[in-house]
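Colleague: Coordinates in target.cif, mmCIF, C-alpha atoms and all ligand atoms, are listed below.
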```
data_entry
loop_
_atom_site.group_PDB
_atom_site.id
_atom_site.type_symbol
_atom_site.label_atom_id
_atom_site.label_comp_id
_atom_site.auth_asym_id
_atom_site.auth_seq_id
_atom_site.Cartn_x
_atom_site.Cartn_y
_atom_site.Cartn_z
ATOM 1 C CA MET A 1 -1.819 -173.680 32.570
ATOM 2 C CA THR A 2 0.134 -170.874 30.974
ATOM 3 C CA LEU A 3 2.849 -168.678 32.460
ATOM 4 C CA ASN A 4 1.140 -165.673 30.871
ATOM 5 C CA SER A 5 -0.751 -163.675 33.446
ATOM 6 C CA PRO A 6 -3.951 -161.785 32.567
ATOM 7 C CA ILE A 7 -2.524 -158.629 34.220
ATOM 8 C CA LYS A 8 -1.367 -155.967 31.736
ATOM 9 C CA PRO A 9 2.145 -154.571 32.411
ATOM 10 C CA THR A 10 2.276 -150.926 33.503
ATOM 11 C CA TRP A 11 6.016 -150.563 32.821
ATOM 12 C CA CYS A 12 7.014 -147.695 30.531
ATOM 13 C CA PRO A 13 6.915 -148.641 26.833
ATOM 14 C CA SER A 14 10.349 -150.141 25.929
ATOM 15 C CA CYS A 15 11.384 -150.560 29.587
ATOM 16 C CA LEU A 16 14.086 -153.235 29.756
ATOM 17 C CA ASN A 17 12.071 -155.107 32.377
ATOM 18 C CA PHE A 18 10.129 -156.539 29.398
ATOM 19 C CA GLN A 19 13.350 -158.305 28.316
ATOM 20 C CA VAL A 20 13.729 -159.824 31.773
ATOM 21 C CA LEU A 21 10.104 -160.950 31.865
ATOM 22 C CA ALA A 22 10.322 -162.649 28.454
ATOM 23 C CA ALA A 23 13.638 -164.347 29.256
ATOM 24 C CA VAL A 24 12.503 -165.678 32.634
ATOM 25 C CA LYS A 25 9.245 -167.012 31.174
ATOM 26 C CA ASN A 26 11.115 -168.709 28.302
ATOM 27 C CA VAL A 27 13.533 -170.514 30.619
ATOM 28 C CA VAL A 28 10.839 -171.595 33.090
ATOM 29 C CA GLN A 29 8.653 -172.764 30.189
ATOM 30 C CA ARG A 30 11.512 -174.895 28.858
ATOM 31 C CA GLU A 31 11.968 -176.420 32.331
ATOM 32 C CA ILE A 32 8.243 -177.221 32.378
ATOM 33 C CA ASN A 33 8.358 -178.703 28.882
ATOM 34 C CA THR A 34 11.154 -181.032 30.001
ATOM 35 C CA GLY A 35 9.483 -182.433 33.103
ATOM 36 C CA LYS A 36 9.021 -179.891 35.902
ATOM 37 C CA LYS A 37 5.534 -178.737 36.890
ATOM 38 C CA GLU A 38 4.294 -175.176 37.444
ATOM 39 C CA GLU A 39 3.782 -175.969 41.117
ATOM 40 C CA ASP A 40 7.461 -176.890 41.448
ATOM 41 C CA PHE A 41 8.251 -173.171 41.056
ATOM 42 C CA ALA A 42 7.766 -170.218 43.375
ATOM 43 C CA ILE A 43 8.661 -166.593 42.704
ATOM 44 C CA VAL A 44 9.413 -163.789 45.146
ATOM 45 C CA ALA A 45 9.639 -160.057 44.463
ATOM 46 C CA GLY A 46 10.065 -157.011 46.664
ATOM 47 C CA ILE A 47 8.768 -153.529 45.912
ATOM 48 C CA GLY A 48 9.744 -151.377 42.936
ATOM 49 C CA CYS A 49 9.203 -151.212 39.176
ATOM 50 C CA HIS A 50 11.104 -154.502 38.738
ATOM 51 C CA ALA A 51 8.887 -156.170 41.357
ATOM 52 C CA LYS A 52 5.824 -155.845 39.144
ATOM 53 C CA ILE A 53 7.234 -158.889 37.350
ATOM 54 C CA PHE A 54 5.498 -160.816 40.132
ATOM 55 C CA ASP A 55 2.112 -159.899 38.648
ATOM 56 C CA TYR A 56 3.108 -160.765 35.100
ATOM 57 C CA ILE A 57 4.218 -164.374 35.595
ATOM 58 C CA ASN A 58 1.492 -166.847 36.413
ATOM 59 C CA LEU A 59 3.329 -168.775 39.163
ATOM 60 C CA ASN A 60 2.832 -169.139 42.912
ATOM 61 C CA GLY A 61 4.894 -167.004 45.237
ATOM 62 C CA ILE A 62 5.072 -164.036 47.595
ATOM 63 C CA ASN A 63 5.211 -160.347 46.726
ATOM 64 C CA THR A 64 7.101 -159.476 49.873
ATOM 65 C CA LEU A 65 8.279 -156.309 51.630
ATOM 66 C CA HIS A 66 10.829 -153.920 50.136
ATOM 67 C CA GLY A 67 14.311 -155.303 50.859
ATOM 68 C CA ARG A 68 13.105 -158.682 52.131
ATOM 69 C CA VAL A 69 13.234 -160.846 49.028
ATOM 70 C CA LEU A 70 16.171 -162.930 50.243
ATOM 71 C CA PRO A 71 14.823 -163.949 53.674
ATOM 72 C CA THR A 72 11.499 -164.787 51.985
ATOM 73 C CA CYS A 73 13.264 -167.025 49.452
ATOM 74 C CA LEU A 74 15.271 -168.653 52.228
ATOM 75 C CA GLY A 75 12.123 -169.271 54.271
ATOM 76 C CA MET A 76 10.500 -170.958 51.287
ATOM 77 C CA LYS A 77 13.495 -173.237 50.810
ATOM 78 C CA LEU A 78 13.533 -174.177 54.505
ATOM 79 C CA GLY A 79 9.797 -174.949 54.324
ATOM 80 C CA ASN A 80 10.128 -176.968 51.150
ATOM 81 C CA PRO A 81 13.666 -177.545 49.840
ATOM 82 C CA ASN A 82 12.220 -179.127 46.681
ATOM 83 C CA LEU A 83 10.742 -175.875 45.403
ATOM 84 C CA ASN A 84 12.522 -174.051 42.582
ATOM 85 C CA VAL A 85 12.573 -170.561 44.040
ATOM 86 C CA ILE A 86 13.391 -167.477 41.956
ATOM 87 C CA GLY A 87 13.801 -164.057 43.586
ATOM 88 C CA PHE A 88 13.658 -160.609 41.966
ATOM 89 C CA SER A 89 15.036 -157.410 43.517
ATOM 90 C CA GLY A 90 15.934 -153.920 42.371
ATOM 91 C CA ASP A 91 19.278 -152.350 43.261
ATOM 92 C CA GLY A 92 17.470 -150.289 45.901
ATOM 93 C CA ASP A 93 15.786 -153.407 47.217
ATOM 94 C CA ALA A 94 18.979 -155.521 47.207
ATOM 95 C CA TYR A 95 21.788 -153.088 47.958
ATOM 96 C CA ALA A 96 20.107 -150.486 50.201
ATOM 97 C CA GLU A 97 17.252 -151.753 52.374
ATOM 98 C CA GLY A 98 18.117 -155.437 51.829
ATOM 99 C CA MET A 99 21.914 -155.233 51.892
ATOM 100 C CA GLU A 100 22.484 -157.222 55.097
ATOM 101 C CA HIS A 101 20.506 -160.173 53.697
ATOM 102 C CA LEU A 102 22.681 -160.317 50.586
ATOM 103 C CA ILE A 103 25.869 -161.188 52.440
ATOM 104 C CA HIS A 104 24.153 -163.835 54.557
ATOM 105 C CA ALA A 105 22.412 -165.351 51.525
ATOM 106 C CA ALA A 106 25.881 -165.998 50.106
ATOM 107 C CA ARG A 107 26.926 -167.614 53.420
ATOM 108 C CA TYR A 108 23.834 -169.790 53.863
ATOM 109 C CA ASN A 109 23.940 -170.929 50.253
ATOM 110 C CA ALA A 110 20.357 -172.145 49.930
ATOM 111 C CA ASP A 111 19.566 -173.485 46.482
ATOM 112 C CA PHE A 112 17.650 -170.633 44.861
ATOM 113 C CA LYS A 113 18.227 -168.159 42.047
ATOM 114 C CA TYR A 114 18.297 -164.408 42.588
ATOM 115 C CA PHE A 115 18.057 -161.589 40.024
ATOM 116 C CA VAL A 116 18.931 -157.985 40.828
ATOM 117 C CA HIS A 117 17.548 -155.562 38.224
ATOM 118 C CA ASN A 118 20.210 -152.859 38.596
ATOM 119 C CA ASN A 119 19.035 -149.615 36.980
ATOM 120 C CA GLN A 120 21.178 -147.582 39.433
ATOM 121 C CA VAL A 121 18.159 -145.672 40.787
ATOM 122 C CA PHE A 122 15.082 -146.099 42.939
ATOM 123 C CA ALA A 123 12.851 -145.930 39.872
ATOM 124 C CA LEU A 124 9.344 -146.439 41.263
ATOM 125 C CA THR A 125 9.856 -143.563 43.714
ATOM 126 C CA VAL A 126 10.992 -141.393 40.762
ATOM 127 C CA GLY A 127 14.715 -141.637 40.484
ATOM 128 C CA GLN A 128 16.595 -141.167 43.750
ATOM 129 C CA PRO A 129 20.176 -142.516 43.879
ATOM 130 C CA THR A 130 20.918 -145.997 45.245
ATOM 131 C CA PRO A 131 24.189 -147.514 46.511
ATOM 132 C CA THR A 132 25.260 -148.213 42.900
ATOM 133 C CA THR A 133 24.581 -144.722 41.518
ATOM 134 C CA GLU A 134 27.647 -142.935 40.217
ATOM 135 C CA ILE A 135 29.259 -139.863 41.826
ATOM 136 C CA GLY A 136 27.810 -136.653 40.401
ATOM 137 C CA PHE A 137 24.304 -138.003 39.687
ATOM 138 C CA LYS A 138 21.769 -135.235 40.364
ATOM 139 C CA ASP A 139 18.114 -135.435 41.329
ATOM 140 C CA LYS A 140 15.779 -133.463 43.562
ATOM 141 C CA THR A 141 17.127 -135.179 46.696
ATOM 142 C CA ASN A 142 20.758 -134.594 45.656
ATOM 143 C CA PRO A 143 20.747 -131.240 43.829
ATOM 144 C CA LEU A 144 24.531 -130.902 44.318
ATOM 145 C CA GLY A 145 25.115 -134.398 42.987
ATOM 146 C CA VAL A 146 25.952 -137.681 44.716
ATOM 147 C CA LYS A 147 29.249 -137.459 46.637
ATOM 148 C CA THR A 148 29.747 -141.040 47.782
ATOM 149 C CA SER A 149 31.239 -143.731 45.563
ATOM 150 C CA PRO A 150 29.128 -146.673 44.377
ATOM 151 C CA ILE A 151 29.591 -150.153 45.814
ATOM 152 C CA ASN A 152 30.648 -152.968 43.500
ATOM 153 C CA PRO A 153 28.098 -155.786 44.026
ATOM 154 C CA ILE A 154 30.073 -158.336 41.997
ATOM 155 C CA ALA A 155 33.180 -157.864 44.156
ATOM 156 C CA LEU A 156 31.001 -157.882 47.268
ATOM 157 C CA MET A 157 29.368 -161.188 46.389
ATOM 158 C CA LEU A 158 32.706 -162.778 45.541
ATOM 159 C CA ALA A 159 34.138 -161.606 48.860
ATOM 160 C CA SER A 160 31.054 -162.933 50.683
ATOM 161 C CA GLY A 161 31.681 -166.454 49.408
ATOM 162 C CA CYS A 162 28.884 -166.682 46.837
ATOM 163 C CA GLY A 163 29.416 -169.729 44.608
ATOM 164 C CA PHE A 164 27.633 -168.383 41.494
ATOM 165 C CA VAL A 165 28.229 -164.741 40.605
ATOM 166 C CA ALA A 166 27.101 -163.355 37.254
ATOM 167 C CA ARG A 167 26.200 -160.105 35.554
ATOM 168 C CA VAL A 168 24.271 -159.729 32.309
ATOM 169 C CA TYR A 169 22.977 -156.819 30.268
ATOM 170 C CA ALA A 170 19.175 -156.568 30.121
ATOM 171 C CA ASP A 171 19.030 -158.495 26.901
ATOM 172 C CA MET A 172 16.815 -161.542 26.532
ATOM 173 C CA LYS A 173 19.482 -163.832 25.056
ATOM 174 C CA GLN A 174 22.103 -162.996 27.713
ATOM 175 C CA ILE A 175 19.611 -163.453 30.544
ATOM 176 C CA GLU A 176 18.338 -166.764 29.185
ATOM 177 C CA HIS A 177 21.860 -168.160 28.753
ATOM 178 C CA VAL A 178 23.025 -167.315 32.275
ATOM 179 C CA PHE A 179 19.699 -168.244 33.883
ATOM 180 C CA GLU A 180 19.878 -171.688 32.272
ATOM 181 C CA GLU A 181 23.370 -172.175 33.730
ATOM 182 C CA ALA A 182 22.102 -170.965 37.124
ATOM 183 C CA MET A 183 19.245 -173.478 37.040
ATOM 184 C CA LYS A 184 21.771 -176.284 36.572
ATOM 185 C CA TYR A 185 23.906 -174.959 39.436
ATOM 186 C CA LYS A 186 23.197 -176.342 42.915
ATOM 187 C CA GLY A 187 23.184 -173.440 45.368
ATOM 188 C CA PHE A 188 22.527 -169.714 45.665
ATOM 189 C CA ALA A 189 23.002 -168.040 42.283
ATOM 190 C CA PHE A 190 23.415 -164.257 42.162
ATOM 191 C CA ILE A 191 22.660 -162.686 38.769
ATOM 192 C CA GLU A 192 22.852 -158.936 38.412
ATOM 193 C CA ILE A 193 21.100 -157.470 35.381
ATOM 194 C CA LEU A 194 22.600 -154.146 34.309
ATOM 195 C CA GLU A 195 19.476 -152.419 33.153
ATOM 196 C CA PRO A 196 19.469 -148.678 32.372
ATOM 197 C CA CYS A 197 16.203 -146.971 33.362
ATOM 198 C CA ILE A 198 15.001 -145.147 30.267
ATOM 199 C CA ILE A 199 13.448 -142.374 32.375
ATOM 200 C CA PHE A 200 15.726 -141.761 35.377
ATOM 201 C CA HIS A 201 19.110 -143.292 34.518
ATOM 202 C CA ASN A 202 19.480 -143.683 30.780
ATOM 203 C CA VAL A 203 23.159 -144.558 30.367
ATOM 204 C CA ASN A 204 24.372 -146.208 27.184
ATOM 205 C CA TYR A 205 26.280 -149.322 28.243
ATOM 206 C CA LYS A 206 25.620 -151.350 25.118
ATOM 207 C CA ASP A 207 28.872 -150.525 23.298
ATOM 208 C CA LYS A 208 30.911 -150.952 26.505
ATOM 209 C CA ILE A 209 30.028 -154.520 27.349
ATOM 210 C CA TYR A 210 31.932 -157.685 26.429
ATOM 211 C CA SER A 211 31.416 -161.372 27.123
ATOM 212 C CA LEU A 212 33.712 -163.076 29.657
ATOM 213 C CA GLU A 213 33.039 -166.368 27.889
ATOM 214 C CA ASN A 214 34.405 -165.003 24.591
ATOM 215 C CA GLU A 215 37.615 -163.895 26.302
ATOM 216 C CA ASN A 216 38.335 -167.299 27.868
ATOM 217 C CA HIS A 217 37.694 -166.190 31.430
ATOM 218 C CA ASP A 218 38.341 -169.013 33.912
ATOM 219 C CA LYS A 219 35.174 -168.929 36.047
ATOM 220 C CA THR A 220 36.640 -171.399 38.546
ATOM 221 C CA ASN A 221 39.407 -168.958 39.485
ATOM 222 C CA LEU A 222 38.336 -166.637 42.315
ATOM 223 C CA GLU A 223 41.332 -164.342 41.978
ATOM 224 C CA GLN A 224 40.690 -163.869 38.260
ATOM 225 C CA ALA A 225 36.981 -163.302 38.964
ATOM 226 C CA MET A 226 37.831 -160.553 41.464
ATOM 227 C CA LYS A 227 40.115 -158.867 38.929
ATOM 228 C CA LYS A 228 37.345 -158.962 36.316
ATOM 229 C CA ALA A 229 34.852 -157.591 38.856
ATOM 230 C CA GLN A 230 37.089 -154.588 39.371
ATOM 231 C CA GLU A 231 37.195 -153.668 35.677
ATOM 232 C CA PHE A 232 33.901 -151.785 36.067
ATOM 233 C CA ASP A 233 33.202 -149.757 39.200
ATOM 234 C CA TYR A 234 29.692 -148.501 38.266
ATOM 235 C CA SER A 235 30.971 -144.967 37.541
ATOM 236 C CA THR A 236 29.948 -143.034 34.441
ATOM 237 C CA PRO A 237 31.535 -144.868 31.493
ATOM 238 C CA THR A 238 34.457 -143.203 29.721
ATOM 239 C CA GLN A 239 35.872 -144.033 26.286
ATOM 240 C CA GLU A 240 38.092 -146.714 27.854
ATOM 241 C CA THR A 241 35.374 -148.375 29.947
ATOM 242 C CA ARG A 242 34.861 -152.087 29.280
ATOM 243 C CA ILE A 243 32.146 -153.913 31.201
ATOM 244 C CA PRO A 244 32.527 -157.681 31.590
ATOM 245 C CA MET A 245 29.328 -159.716 31.314
ATOM 246 C CA GLY A 246 28.594 -163.366 32.017
ATOM 247 C CA ILE A 247 29.571 -165.727 34.824
ATOM 248 C CA PHE A 248 32.443 -164.353 36.912
ATOM 249 C CA TYR A 249 32.647 -167.263 39.313
ATOM 250 C CA GLN A 250 31.095 -170.697 39.656
ATOM 251 C CA LYS A 251 31.919 -173.291 42.283
ATOM 252 C CA GLU A 252 29.627 -175.677 44.147
ATOM 253 C CA LYS A 253 29.742 -175.442 47.935
ATOM 254 C CA PRO A 254 27.842 -177.114 50.792
ATOM 255 C CA MET A 255 24.221 -175.925 50.757
ATOM 256 C CA ILE A 256 22.134 -175.199 53.834
ATOM 257 C CA GLU A 257 19.664 -177.887 52.712
ATOM 258 C CA ASP A 258 22.439 -180.480 53.102
ATOM 259 C CA MET A 259 23.684 -179.233 56.458
ATOM 260 C CA TYR A 260 20.599 -180.162 58.486
ATOM 261 C CA PRO A 261 19.234 -183.732 58.566
ATOM 262 C CA GLN A 262 15.613 -182.477 58.748
ATOM 263 C CA LEU A 263 16.021 -180.699 55.406
ATOM 264 C CA LYS A 264 17.945 -183.566 53.844
ATOM 265 C CA ILE A 265 15.039 -185.916 54.569
ATOM 266 C CA LEU A 266 12.549 -183.557 52.913
ATOM 267 C CA LYS A 267 14.754 -183.479 49.842
ATOM 268 C CA GLU A 268 15.293 -187.220 49.764
ATOM 269 C CA TYR A 269 11.555 -188.004 49.957
ATOM 270 C CA LYS A 270 10.605 -184.994 47.832
ATOM 271 C CA ILE A 271 8.156 -183.697 50.452
ATOM 272 C CA GLY A 272 7.539 -180.488 52.424
ATOM 273 C CA TRP A 273 6.877 -180.005 56.166
ATOM 274 C CA LYS A 274 3.132 -180.083 55.480
ATOM 275 C CA ASP A 275 3.438 -183.737 54.423
ATOM 276 C CA ILE A 276 4.827 -184.834 57.794
ATOM 277 C CA LYS A 277 2.256 -186.187 60.311
ATOM 278 C CA ARG A 278 2.847 -185.019 63.881
HETATM 279 C C1 LIG B 301 9.997 -150.735 53.770
HETATM 280 C C2 LIG B 301 9.859 -149.786 52.614
HETATM 281 N N1 LIG B 301 10.762 -148.795 52.455
HETATM 282 C C3 LIG B 301 10.641 -147.938 51.428
HETATM 283 C C4 LIG B 301 9.618 -148.070 50.534
HETATM 284 C C5 LIG B 301 9.462 -147.076 49.408
HETATM 285 N N2 LIG B 301 9.840 -147.607 48.132
HETATM 286 C C6 LIG B 301 8.946 -148.208 47.312
HETATM 287 S S1 LIG B 301 9.603 -148.616 45.832
HETATM 288 C C7 LIG B 301 11.082 -148.020 46.276
HETATM 289 C C8 LIG B 301 12.221 -147.988 45.297
HETATM 290 C C9 LIG B 301 12.558 -149.288 44.723
HETATM 291 O O1 LIG B 301 13.771 -149.171 44.031
HETATM 292 P P1 LIG B 301 14.468 -150.418 43.449
HETATM 293 O O2 LIG B 301 14.466 -151.521 44.433
HETATM 294 O O3 LIG B 301 15.791 -150.026 42.909
HETATM 295 O O4 LIG B 301 13.488 -150.862 42.282
HETATM 296 P P2 LIG B 301 13.089 -150.132 40.897
HETATM 297 O O5 LIG B 301 11.844 -149.348 41.176
HETATM 298 O O6 LIG B 301 14.231 -149.289 40.478
HETATM 299 O O7 LIG B 301 12.839 -151.272 39.972
HETATM 300 C C10 LIG B 301 11.070 -147.503 47.586
HETATM 301 C C11 LIG B 301 12.222 -146.894 48.275
HETATM 302 C C12 LIG B 301 8.700 -149.124 50.717
HETATM 303 N N3 LIG B 301 7.688 -149.344 49.882
HETATM 304 N N4 LIG B 301 8.852 -149.971 51.772
#
```
For the file at hand, write its structure as structure tokens.
Ligand SMILES: Cc1ncc(C[n+]2csc(CCOP(=O)(O)OP(=O)(O)O)c2C)c(N)n1

Modeller:
Amino acid sequence: MTLNSPIKPTWCPSCLNFQVLAAVKNVVQREINTGKKEEDFAIVAGIGCHAKIFDYINLNGINTLHGRVLPTCLGMKLGNPNLNVIGFSGDGDAYAEGMEHLIHAARYNADFKYFVHNNQVFALTVGQPTPTTEIGFKDKTNPLGVKTSPINPIALMLASGCGFVARVYADMKQIEHVFEEAMKYKGFAFIEILEPCIIFHNVNYKDKIYSLENENHDKTNLEQAMKKAQEFDYSTPTQETRIPMGIFYQKEKPMIEDMYPQLKILKEYKIGWKDIKR
């Protein structure tokens, strides 16, 4: 079996979602080459341009409702804690309609990996502002410009108790590196991909970003992580703007799969509920 799907992508030519697709397939392929099987993986996506990734990776999963990627991933893990579940959301999906799930996903700490493709707009519905769009952004729904300030998802996830908080630019190498670390991590891993939309939010972040790893950031230090999170507030970049990329915080915590004996047994025997005779 191949991870390549026969469905042709309908993303815009040079859309950064192609970088995400290639990186995710490369990492999963490496996991398969070193012992895992295709059926050990399940993917979940919501609705949006980013969510089309579901059609372009040949793995089992659920293309769920807009904003409901996280409860779907959690449900999969409760049904079969041995599955390697990977979720994909947009910033609209994760931070608007799905916001309440995000905080609880950090609390429950089920062992799955979650990407948020943050292009700072609702792209599929043609460019309306989301909770991470900067003040002043204009579109047909906000002709006078956005008045409210953007949320900072990195700070939010740190404050919510998430044990793996990362941000990468939509660049294959960066995504692969952090995704590999997330796969080794036991628990809920939050990875935001800063991904300008070439049509509706084409901001140049490339010369603003720097690697936390190269600046000796201590990813075990929550206070330091919070300080780094605050360096970029999702506003329009100025000459001084520096955007930290990489793993802000990493610490293993009790996972929901270990809190309930029923789930622990499934993990121990490497089985799902369907394998239990009633
Ligand atoms: C329950 C529900 N609410 C709203 C919509 C309309 N809708 C479809 S795609 C979309 C925008 C998605 O934006 P985002 O999650 O940021 O993804 P992007 O398209 O930018 O990748 C919206 C609001 C929907 N399909 N279902």

Colleague: If you count all atoms listed in the file, which residues end up within 10 Å of ligand LIG 301 (chain B), as a PDB file with C-alpha atoms, in the coordinates of the input?

Modeller:
```pdb
ATOM      1  CA  TRP A  11       6.016-150.563  32.821  1.00  0.00           C
ATOM      2  CA  ASN A  17      12.071-155.107  32.377  1.00  0.00           C
ATOM      3  CA  ALA A  45       9.639-160.057  44.463  1.00  0.00           C
ATOM      4  CA  GLY A  46      10.065-157.011  46.664  1.00  0.00           C
ATOM      5  CA  ILE A  47       8.768-153.529  45.912  1.00  0.00           C
ATOM      6  CA  GLY A  48       9.744-151.377  42.936  1.00  0.00           C
ATOM      7  CA  CYS A  49       9.203-151.212  39.176  1.00  0.00           C
ATOM      8  CA  HIS A  50      11.104-154.502  38.738  1.00  0.00           C
ATOM      9  CA  ALA A  51       8.887-156.170  41.357  1.00  0.00           C
ATOM     10  CA  LYS A  52       5.824-155.845  39.144  1.00  0.00           C
ATOM     11  CA  ILE A  53       7.234-158.889  37.350  1.00  0.00           C
ATOM     12  CA  THR A  64       7.101-159.476  49.873  1.00  0.00           C
ATOM     13  CA  LEU A  65       8.279-156.309  51.630  1.00  0.00           C
ATOM     14  CA  HIS A  66      10.829-153.920  50.136  1.00  0.00           C
ATOM     15  CA  GLY A  67      14.311-155.303  50.859  1.00  0.00           C
ATOM     16  CA  ARG A  68      13.105-158.682  52.131  1.00  0.00           C
ATOM     17  CA  PHE A  88      13.658-160.609  41.966  1.00  0.00           C
ATOM     18  CA  SER A  89      15.036-157.410  43.517  1.00  0.00           C
ATOM     19  CA  GLY A  90      15.934-153.920  42.371  1.00  0.00           C
ATOM     20  CA  ASP A  91      19.278-152.350  43.261  1.00  0.00           C
ATOM     21  CA  GLY A  92      17.470-150.289  45.901  1.00  0.00           C
ATOM     22  CA  ASP A  93      15.786-153.407  47.217  1.00  0.00           C
ATOM     23  CA  ALA A  94      18.979-155.521  47.207  1.00  0.00           C
ATOM     24  CA  TYR A  95      21.788-153.088  47.958  1.00  0.00           C
ATOM     25  CA  ALA A  96      20.107-150.486  50.201  1.00  0.00           C
ATOM     26  CA  GLU A  97      17.252-151.753  52.374  1.00  0.00           C
ATOM     27  CA  GLY A  98      18.117-155.437  51.829  1.00  0.00           C
ATOM     28  CA  VAL A 116      18.931-157.985  40.828  1.00  0.00           C
ATOM     29  CA  HIS A 117      17.548-155.562  38.224  1.00  0.00           C
ATOM     30  CA  ASN A 118      20.210-152.859  38.596  1.00  0.00           C
ATOM     31  CA  ASN A 119      19.035-149.615  36.980  1.00  0.00           C
ATOM     32  CA  GLN A 120      21.178-147.582  39.433  1.00  0.00           C
ATOM     33  CA  VAL A 121      18.159-145.672  40.787  1.00  0.00           C
ATOM     34  CA  PHE A 122      15.082-146.099  42.939  1.00  0.00           C
ATOM     35  CA  ALA A 123      12.851-145.930  39.872  1.00  0.00           C
ATOM     36  CA  LEU A 124       9.344-146.439  41.263  1.00  0.00           C
ATOM     37  CA  THR A 125       9.856-143.563  43.714  1.00  0.00           C
ATOM     38  CA  VAL A 126      10.992-141.393  40.762  1.00  0.00           C
ATOM     39  CA  GLY A 127      14.715-141.637  40.484  1.00  0.00           C
ATOM     40  CA  GLN A 128      16.595-141.167  43.750  1.00  0.00           C
ATOM     41  CA  PRO A 129      20.176-142.516  43.879  1.00  0.00           C
ATOM     42  CA  THR A 130      20.918-145.997  45.245  1.00  0.00           C
ATOM     43  CA  PRO A 131      24.189-147.514  46.511  1.00  0.00           C
ATOM     44  CA  THR A 132      25.260-148.213  42.900  1.00  0.00           C
ATOM     45  CA  GLU A 195      19.476-152.419  33.153  1.00  0.00           C
ATOM     46  CA  PRO A 196      19.469-148.678  32.372  1.00  0.00           C
ATOM     47  CA  CYS A 197      16.203-146.971  33.362  1.00  0.00           C
ATOM     48  CA  PHE A 200      15.726-141.761  35.377  1.00  0.00           C
ATOM     49  CA  HIS A 201      19.110-143.292  34.518  1.00  0.00           C
TER      50      HIS A 201
END
```

Colleague: For the structure shown, which residues end up in the PyMOL selection byres (((chain A and resi 206) around 10) and not hetatm)? Put them as a ChimeraX atom specification, please?

Modeller: /A:169-171,196,203-205,207-210,243

Colleague: Find the distance between atom CA of A:Asn142 and atom CA of A:Phe115 and write it in Å to one decimal.

Modeller: 27.7 Å

Colleague: List the neighbours of stretch 227-233 of chain A out to 6 Å using only C-alpha atoms; skip same-chain residues closer than 5 positions along the sequence, and give me the result as a short mmCIF file (atom, residue, chain, number, x, y, z; two decimals) with C-alpha atoms, in the frame of the given file.

Modeller:
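The resulting file, result.cif, is shown below:
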```cif
data_model
loop_
_atom_site.label_atom_id
_atom_site.label_comp_id
_atom_site.auth_asym_id
_atom_site.auth_seq_id
_atom_site.Cartn_x
_atom_site.Cartn_y
_atom_site.Cartn_z
CA ASN A 152 30.65 -152.97 43.50
CA ILE A 154 30.07 -158.34 42.00
CA ALA A 155 33.18 -157.86 44.16
CA ILE A 243 32.15 -153.91 31.20
#
```

Colleague: Between A:Val20, A:Leu194, A:Leu83, A:Val69, which one has atoms that come closest to A:Tyr56, using all atoms listed in the file?

Modeller: A:Val20

Colleague: If you measure from atom CA of A:Glu268 to atom CA of A:Arg30, what distance in Å do you get, rounded to one decimal?

Modeller: 24.6 Å

Colleague: Please measure the separation of atom CA of A:Pro81 and atom CA of A:Tyr108, giving the value in Å to one decimal.

Modeller: 13.4 Å

Colleague: Looking at all atoms listed in the file, which of A:Ile103, A:Ala159, A:Leu21, A:Leu212 is the one that sits closest to A:Leu70?

Modeller: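 Comparing A:Ile103, A:Ala159, A:Leu21, A:Leu212 against A:Leu70, the winner is A:Ile103.
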
Colleague: Specify as a list in words each residue included when the PyMOL selection byres (((chain A and resi 31-41) around 10) and not hetatm) is applied to this file.

Modeller: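 Matching residues under the PyMOL selection byres (((chain A and resi 31-41) around 10) and not hetatm) are Met1, Thr2, Leu3, Lys25, Asn26, Val27, Val28, Gln29, Arg30, Ala42, Ile43, Asn58, Leu59, Asn60, Gly61, Asn82, Leu83, Asn84, Val85, Ile86, Glu180 and Met183 of chain A.
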